[in-house]
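Heads up, the thing below is written out as structure tokens.
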Amino acid sequence: MAHSLNLTWHEAAVTKEERRAQNGHASCVLWLTGLSGSGKSTIANIVSHRLFKDGIDEYVLDGDNIRHGLNRDLGFSEEDRNENIRRIGEVAKLFTDSGQIVCTAFISPYRKDRELVRSLFPEKGEFIEVFIDCPLEECEKRDPKQLYQKARREEIKGFTGIDAPYEEPEDPEIIIRTDQLSPEEAAEKILIYLKEQGII
């Protein structure tokens with residue numbers, strides 16, 4: 001898609017730093033990535049609720065929910081998956097610029113797409129990759145949406161972990177083994193990290 005030459009970037013009257021100062025905490029994106037059924041959405045929402053209760057400005061961007069609206073025109077081809085993640089990265093950057101902590105829960109299977117999103121956040125500590133590490137066998141046992149069953153029956157094509165790849169993060173900020181930790185314990189690990197980094 002061609003870019004218009006008639007666009008001009010307008011600087012905001014209120015800066016990110018001013019919003020952070022008023023909020024009393026830093027802002028960042030917690031990018032939860034992992035297989036379907038690994039626990040991303042559950043953990044993201046627990047973290048979000050805990051932050052909310054502590055008076056911290058936060059929001060959750062969930063993969064399924066985003067595909068109901070903003071990205072409802074996208075399918076699941078590799079090209080559409082790339083565009084899905086690119087758009088979410090831009091939205092997450094807007095939330096971070098607004099002074100909030102945004103939790104995203106997306107499979108985001110390709111390293112190059114996650115690295116593209118990371119590149120949108122030049123300030124150190126703004127992009128926090130959280131690898132929700134759960135063995136495929138465990139995700140299949142859980143199969144909350146019966147998607148693995150459908151993929152095994154070839155009713156779904158290009159399903160991550162079955163006939164499409166998942167590229168594990170090589171150097172994530174946080175690794176959480178959800179076959180070893182409860183969702184509450186996983187959320188606590190993320191919150192501890194945010195405190196240790198001085199974000200909250």
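Starting from 1 in every chain, residues are counted up; chains themselves are A, B, ... following the order of the structure tokens, and ligands are numbered from 1 as listed.
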Near stretch 21-38 of chain A, within 6 Å and counting only C-alpha atoms, which residues show up once chain neighbours fewer than 3 positions away are dropped, as a ChimeraX atom specification? /A:18,96,99-108,126-132,134,139,143,199-200
As a PDB file with N, CA, C and O atoms, in the first residue's frame, please: the residues near stretch 43-47 of chain A (cut-off 9 Å, only C-alpha atoms, same-chain neighbours under 2 positions excluded).
```pdb
ATOM      1  N   LEU A  30       3.299  -5.501  27.759  1.00  0.00           N
ATOM      2  CA  LEU A  30       3.613  -6.874  28.143  1.00  0.00           C
ATOM      3  C   LEU A  30       3.126  -7.749  26.995  1.00  0.00           C
ATOM      4  O   LEU A  30       1.919  -7.913  26.811  1.00  0.00           O
ATOM      5  N   LEU A  32       2.534 -11.064  25.623  1.00  0.00           N
ATOM      6  CA  LEU A  32       2.436 -12.484  25.953  1.00  0.00           C
ATOM      7  C   LEU A  32       2.301 -13.294  24.672  1.00  0.00           C
ATOM      8  O   LEU A  32       1.359 -13.092  23.898  1.00  0.00           O
ATOM      9  N   GLY A  39      -2.380 -20.327  28.047  1.00  0.00           N
ATOM     10  CA  GLY A  39      -2.815 -19.535  29.198  1.00  0.00           C
ATOM     11  C   GLY A  39      -2.615 -18.040  29.062  1.00  0.00           C
ATOM     12  O   GLY A  39      -2.775 -17.297  30.026  1.00  0.00           O
ATOM     13  N   LYS A  40      -2.299 -17.571  27.864  1.00  0.00           N
ATOM     14  CA  LYS A  40      -1.988 -16.155  27.652  1.00  0.00           C
ATOM     15  C   LYS A  40      -3.106 -15.222  28.107  1.00  0.00           C
ATOM     16  O   LYS A  40      -2.873 -14.289  28.882  1.00  0.00           O
ATOM     17  N   SER A  41      -4.310 -15.453  27.608  1.00  0.00           N
ATOM     18  CA  SER A  41      -5.428 -14.547  27.914  1.00  0.00           C
ATOM     19  C   SER A  41      -5.773 -14.573  29.400  1.00  0.00           C
ATOM     20  O   SER A  41      -6.038 -13.522  30.004  1.00  0.00           O
ATOM     21  N   HIS A  49      -6.257  -7.135  36.077  1.00  0.00           N
ATOM     22  CA  HIS A  49      -7.139  -6.905  37.220  1.00  0.00           C
ATOM     23  C   HIS A  49      -6.350  -6.488  38.453  1.00  0.00           C
ATOM     24  O   HIS A  49      -6.768  -5.598  39.202  1.00  0.00           O
ATOM     25  N   ARG A  50      -5.206  -7.126  38.656  1.00  0.00           N
ATOM     26  CA  ARG A  50      -4.362  -6.769  39.802  1.00  0.00           C
ATOM     27  C   ARG A  50      -3.861  -5.327  39.675  1.00  0.00           C
ATOM     28  O   ARG A  50      -3.849  -4.575  40.662  1.00  0.00           O
ATOM     29  N   LEU A  51      -3.436  -4.953  38.479  1.00  0.00           N
ATOM     30  CA  LEU A  51      -2.980  -3.582  38.259  1.00  0.00           C
ATOM     31  C   LEU A  51      -4.114  -2.585  38.477  1.00  0.00           C
ATOM     32  O   LEU A  51      -3.939  -1.541  39.124  1.00  0.00           O
ATOM     33  N   PHE A  52      -5.281  -2.908  37.942  1.00  0.00           N
ATOM     34  CA  PHE A  52      -6.451  -2.042  38.073  1.00  0.00           C
ATOM     35  C   PHE A  52      -6.790  -1.813  39.547  1.00  0.00           C
ATOM     36  O   PHE A  52      -7.061  -0.673  39.975  1.00  0.00           O
ATOM     37  N   TYR A  59      -4.678  -1.932  30.238  1.00  0.00           N
ATOM     38  CA  TYR A  59      -5.660  -2.436  29.284  1.00  0.00           C
ATOM     39  C   TYR A  59      -5.153  -3.761  28.719  1.00  0.00           C
ATOM     40  O   TYR A  59      -3.945  -4.007  28.683  1.00  0.00           O
ATOM     41  N   VAL A  60      -6.106  -4.616  28.303  1.00  0.00           N
ATOM     42  CA  VAL A  60      -5.753  -5.892  27.679  1.00  0.00           C
ATOM     43  C   VAL A  60      -6.172  -5.871  26.217  1.00  0.00           C
ATOM     44  O   VAL A  60      -7.309  -5.515  25.888  1.00  0.00           O
ATOM     45  N   LEU A  61      -5.245  -6.250  25.343  1.00  0.00           N
ATOM     46  CA  LEU A  61      -5.552  -6.483  23.933  1.00  0.00           C
ATOM     47  C   LEU A  61      -5.466  -7.989  23.716  1.00  0.00           C
ATOM     48  O   LEU A  61      -4.388  -8.579  23.824  1.00  0.00           O
ATOM     49  N   ASP A  62      -6.608  -8.604  23.440  1.00  0.00           N
ATOM     50  CA  ASP A  62      -6.681 -10.057  23.298  1.00  0.00           C
ATOM     51  C   ASP A  62      -6.863 -10.445  21.834  1.00  0.00           C
ATOM     52  O   ASP A  62      -7.639  -9.816  21.110  1.00  0.00           O
ATOM     53  N   CYS A 103      -1.393  -5.140  28.257  1.00  0.00           N
ATOM     54  CA  CYS A 103      -1.094  -6.571  28.165  1.00  0.00           C
ATOM     55  C   CYS A 103      -1.663  -7.086  26.852  1.00  0.00           C
ATOM     56  O   CYS A 103      -2.853  -6.912  26.592  1.00  0.00           O
ATOM     57  N   THR A 104      -0.832  -7.716  26.040  1.00  0.00           N
ATOM     58  CA  THR A 104      -1.337  -8.321  24.810  1.00  0.00           C
ATOM     59  C   THR A 104      -1.258  -9.835  24.929  1.00  0.00           C
ATOM     60  O   THR A 104      -0.316 -10.369  25.512  1.00  0.00           O
ATOM     61  N   ALA A 105      -2.256 -10.513  24.389  1.00  0.00           N
ATOM     62  CA  ALA A 105      -2.302 -11.973  24.408  1.00  0.00           C
ATOM     63  C   ALA A 105      -2.513 -12.458  22.979  1.00  0.00           C
ATOM     64  O   ALA A 105      -3.648 -12.546  22.509  1.00  0.00           O
ATOM     65  N   PRO A 183      -2.177 -19.981  36.957  1.00  0.00           N
ATOM     66  CA  PRO A 183      -2.314 -18.644  36.363  1.00  0.00           C
ATOM     67  C   PRO A 183      -2.020 -17.527  37.360  1.00  0.00           C
ATOM     68  O   PRO A 183      -1.405 -16.516  37.003  1.00  0.00           O
ATOM     69  N   GLU A 184      -2.430 -17.702  38.617  1.00  0.00           N
ATOM     70  CA  GLU A 184      -2.181 -16.680  39.642  1.00  0.00           C
ATOM     71  C   GLU A 184      -0.685 -16.550  39.919  1.00  0.00           C
ATOM     72  O   GLU A 184      -0.163 -15.437  40.088  1.00  0.00           O
ATOM     73  N   ALA A 186       1.700 -17.312  37.828  1.00  0.00           N
ATOM     74  CA  ALA A 186       2.283 -16.725  36.620  1.00  0.00           C
ATOM     75  C   ALA A 186       2.107 -15.207  36.624  1.00  0.00           C
ATOM     76  O   ALA A 186       3.050 -14.458  36.327  1.00  0.00           O
ATOM     77  N   ALA A 187       0.907 -14.752  36.967  1.00  0.00           N
ATOM     78  CA  ALA A 187       0.639 -13.314  37.025  1.00  0.00           C
ATOM     79  C   ALA A 187       1.528 -12.645  38.066  1.00  0.00           C
ATOM     80  O   ALA A 187       2.063 -11.549  37.834  1.00  0.00           O
ATOM     81  N   GLU A 188       1.710 -13.294  39.194  1.00  0.00           N
ATOM     82  CA  GLU A 188       2.543 -12.741  40.259  1.00  0.00           C
ATOM     83  C   GLU A 188       3.984 -12.577  39.783  1.00  0.00           C
ATOM     84  O   GLU A 188       4.645 -11.586  40.107  1.00  0.00           O
ATOM     85  N   ILE A 190       4.970 -11.913  36.777  1.00  0.00           N
ATOM     86  CA  ILE A 190       5.005 -10.729  35.918  1.00  0.00           C
ATOM     87  C   ILE A 190       4.969  -9.454  36.749  1.00  0.00           C
ATOM     88  O   ILE A 190       5.722  -8.503  36.500  1.00  0.00           O
ATOM     89  N   LEU A 191       4.115  -9.427  37.754  1.00  0.00           N
ATOM     90  CA  LEU A 191       3.999  -8.242  38.607  1.00  0.00           C
ATOM     91  C   LEU A 191       5.296  -7.978  39.372  1.00  0.00           C
ATOM     92  O   LEU A 191       5.709  -6.825  39.534  1.00  0.00           O
TER      93      LEU A 191
END
```
Skip stretch 73-85 of chain A itself and residues of its chain fewer than 3 positions away, then list as a PyMOL selection string all residues within 12 Å of it, counting only C-alpha atoms. chain A and resi 31+33+61-64+66-70+88-92+104-118+156-160+164-166
Residues from last step as file, N, CA, C and O atoms, as a compact mmCIF listing (two decimals), in the first residue's frame:
```txt
# COMPACT_ATOMS: atom_id res chain seq x y z
N TRP A 31 4.04 -8.26 26.19
CA TRP A 31 3.69 -9.01 24.99
C TRP A 31 3.71 -10.50 25.32
O TRP A 31 4.76 -11.13 25.29
N THR A 33 3.25 -14.18 24.44
CA THR A 33 3.26 -15.02 23.25
C THR A 33 3.36 -16.48 23.66
O THR A 33 4.02 -16.82 24.64
N LEU A 61 -5.25 -6.25 25.34
CA LEU A 61 -5.55 -6.48 23.93
C LEU A 61 -5.47 -7.99 23.72
O LEU A 61 -4.39 -8.58 23.82
N ASP A 62 -6.61 -8.60 23.44
CA ASP A 62 -6.68 -10.06 23.30
C ASP A 62 -6.86 -10.44 21.83
O ASP A 62 -7.64 -9.82 21.11
N GLY A 63 -6.16 -11.47 21.41
CA GLY A 63 -6.16 -11.88 20.01
C GLY A 63 -7.54 -12.10 19.43
O GLY A 63 -7.88 -11.57 18.36
N ASP A 64 -8.36 -12.90 20.11
CA ASP A 64 -9.70 -13.19 19.59
C ASP A 64 -10.55 -11.93 19.53
O ASP A 64 -11.28 -11.69 18.56
N ILE A 66 -9.63 -8.78 19.27
CA ILE A 66 -9.18 -7.87 18.22
C ILE A 66 -9.66 -8.33 16.85
O ILE A 66 -10.02 -7.54 15.98
N ARG A 67 -9.72 -9.65 16.65
CA ARG A 67 -10.18 -10.17 15.36
C ARG A 67 -11.69 -10.02 15.18
O ARG A 67 -12.21 -10.19 14.08
N HIS A 68 -12.41 -9.69 16.25
CA HIS A 68 -13.83 -9.39 16.11
C HIS A 68 -14.05 -7.97 15.57
O HIS A 68 -15.12 -7.66 15.06
N GLY A 69 -13.05 -7.11 15.73
CA GLY A 69 -13.23 -5.72 15.34
C GLY A 69 -12.14 -5.22 14.42
O GLY A 69 -12.21 -5.34 13.21
N LEU A 70 -11.09 -4.66 15.01
CA LEU A 70 -10.02 -4.02 14.26
C LEU A 70 -9.48 -4.90 13.14
O LEU A 70 -9.26 -4.43 12.01
N ILE A 88 -1.41 -4.70 15.76
CA ILE A 88 -1.47 -4.75 17.22
C ILE A 88 -0.27 -4.03 17.82
O ILE A 88 -0.38 -3.35 18.84
N GLY A 89 0.90 -4.20 17.20
CA GLY A 89 2.07 -3.48 17.68
C GLY A 89 1.86 -1.98 17.67
O GLY A 89 2.22 -1.28 18.63
N GLU A 90 1.26 -1.47 16.61
CA GLU A 90 1.01 -0.03 16.52
C GLU A 90 -0.01 0.42 17.57
O GLU A 90 0.15 1.49 18.18
N VAL A 91 -1.04 -0.39 17.79
CA VAL A 91 -2.03 -0.05 18.81
C VAL A 91 -1.40 -0.08 20.20
O VAL A 91 -1.62 0.81 21.04
N ALA A 92 -0.57 -1.11 20.45
CA ALA A 92 0.10 -1.21 21.75
C ALA A 92 1.00 0.00 21.99
O ALA A 92 1.12 0.50 23.12
N THR A 104 -0.83 -7.72 26.04
CA THR A 104 -1.34 -8.32 24.81
C THR A 104 -1.26 -9.84 24.93
O THR A 104 -0.32 -10.37 25.51
N ALA A 105 -2.26 -10.51 24.39
CA ALA A 105 -2.30 -11.97 24.41
C ALA A 105 -2.51 -12.46 22.98
O ALA A 105 -3.65 -12.55 22.51
N PHE A 106 -1.40 -12.73 22.29
CA PHE A 106 -1.43 -13.15 20.89
C PHE A 106 -0.45 -14.30 20.69
O PHE A 106 0.66 -14.25 21.22
N ILE A 107 -0.86 -15.30 19.94
CA ILE A 107 0.07 -16.39 19.64
C ILE A 107 1.34 -15.80 19.05
O ILE A 107 2.44 -16.17 19.44
N SER A 108 1.21 -14.88 18.10
CA SER A 108 2.34 -14.22 17.41
C SER A 108 3.48 -15.21 17.17
O SER A 108 4.53 -15.12 17.78
N PRO A 109 3.26 -16.16 16.24
CA PRO A 109 4.17 -17.30 16.12
C PRO A 109 5.54 -17.03 15.50
O PRO A 109 6.44 -17.83 15.67
N TYR A 110 5.68 -15.90 14.81
CA TYR A 110 6.93 -15.67 14.06
C TYR A 110 7.83 -14.65 14.76
O TYR A 110 7.40 -13.56 15.12
N ARG A 111 9.10 -15.03 14.92
CA ARG A 111 10.06 -14.15 15.60
C ARG A 111 10.18 -12.81 14.89
O ARG A 111 10.26 -11.76 15.54
N LYS A 112 10.20 -12.83 13.56
CA LYS A 112 10.41 -11.57 12.82
C LYS A 112 9.28 -10.58 13.09
O LYS A 112 9.52 -9.37 13.14
N ASP A 113 8.06 -11.08 13.30
CA ASP A 113 6.94 -10.18 13.60
C ASP A 113 7.08 -9.59 15.00
O ASP A 113 6.83 -8.40 15.21
N ARG A 114 7.49 -10.44 15.95
CA ARG A 114 7.67 -9.93 17.32
C ARG A 114 8.83 -8.94 17.38
O ARG A 114 8.76 -7.94 18.10
N GLU A 115 9.88 -9.19 16.59
CA GLU A 115 11.01 -8.26 16.56
C GLU A 115 10.61 -6.95 15.90
O GLU A 115 11.10 -5.88 16.28
N LEU A 116 9.73 -7.02 14.90
CA LEU A 116 9.22 -5.80 14.28
C LEU A 116 8.49 -4.94 15.32
O LEU A 116 8.69 -3.73 15.40
N VAL A 117 7.66 -5.59 16.13
CA VAL A 117 6.95 -4.86 17.18
C VAL A 117 7.94 -4.29 18.18
O VAL A 117 7.83 -3.12 18.58
N ARG A 118 8.92 -5.09 18.58
CA ARG A 118 9.92 -4.59 19.55
C ARG A 118 10.59 -3.32 19.01
O ARG A 118 10.87 -2.39 19.77
N ILE A 156 -9.29 -27.48 10.33
CA ILE A 156 -8.61 -26.18 10.35
C ILE A 156 -7.24 -26.38 9.72
O ILE A 156 -6.51 -27.30 10.10
N LYS A 157 -6.90 -25.54 8.77
CA LYS A 157 -5.61 -25.61 8.11
C LYS A 157 -4.70 -24.50 8.63
O LYS A 157 -5.16 -23.41 8.98
N GLY A 158 -3.40 -24.78 8.69
CA GLY A 158 -2.43 -23.75 9.09
C GLY A 158 -2.53 -23.40 10.56
O GLY A 158 -2.35 -22.24 10.92
N PHE A 159 -2.79 -24.41 11.41
CA PHE A 159 -2.96 -24.15 12.84
C PHE A 159 -1.61 -24.24 13.54
O PHE A 159 -0.89 -25.24 13.42
N THR A 160 -1.27 -23.21 14.29
CA THR A 160 0.03 -23.13 14.95
C THR A 160 0.26 -24.31 15.88
O THR A 160 -0.57 -24.62 16.73
N ALA A 164 1.44 -25.54 11.23
CA ALA A 164 2.08 -24.24 11.05
C ALA A 164 3.06 -24.06 12.21
O ALA A 164 2.80 -24.54 13.32
N PRO A 165 4.17 -23.37 11.99
CA PRO A 165 5.22 -23.31 13.02
C PRO A 165 4.92 -22.32 14.14
O PRO A 165 4.18 -21.36 13.96
N TYR A 166 5.53 -22.59 15.30
CA TYR A 166 5.64 -21.59 16.37
C TYR A 166 7.12 -21.44 16.67
O TYR A 166 7.78 -22.41 17.05
```
Based on DSSP run over this structure's backbone, return all residues of stretch 99-152 of chain A in strand (DSSP E or B), as a PyMOL selection string. chain A and resi 101-105+127-133
Could the residues in this selection be saved with C-alpha atoms as a PDB file, in the first residue's frame?
```
ATOM      1  CA  ILE A 101       0.477  -0.634  30.785  1.00  0.00           C
ATOM      2  CA  VAL A 102      -0.992  -2.773  28.025  1.00  0.00           C
ATOM      3  CA  CYS A 103      -1.094  -6.571  28.165  1.00  0.00           C
ATOM      4  CA  THR A 104      -1.337  -8.321  24.810  1.00  0.00           C
ATOM      5  CA  ALA A 105      -2.302 -11.973  24.408  1.00  0.00           C
ATOM      6  CA  PHE A 127       8.597  -3.798  25.272  1.00  0.00           C
ATOM      7  CA  ILE A 128       8.519  -6.805  27.584  1.00  0.00           C
ATOM      8  CA  GLU A 129       8.287 -10.136  25.796  1.00  0.00           C
ATOM      9  CA  VAL A 130       6.658 -12.777  27.996  1.00  0.00           C
ATOM     10  CA  PHE A 131       7.015 -16.315  26.676  1.00  0.00           C
ATOM     11  CA  ILE A 132       4.100 -18.384  27.965  1.00  0.00           C
ATOM     12  CA  ASP A 133       5.888 -21.692  27.640  1.00  0.00           C
TER      13      ASP A 133
END
```
State, in Å with one decimal place, the distance from atom CA of A:Ala13 to atom CA of A:Glu58. 21.7 Å
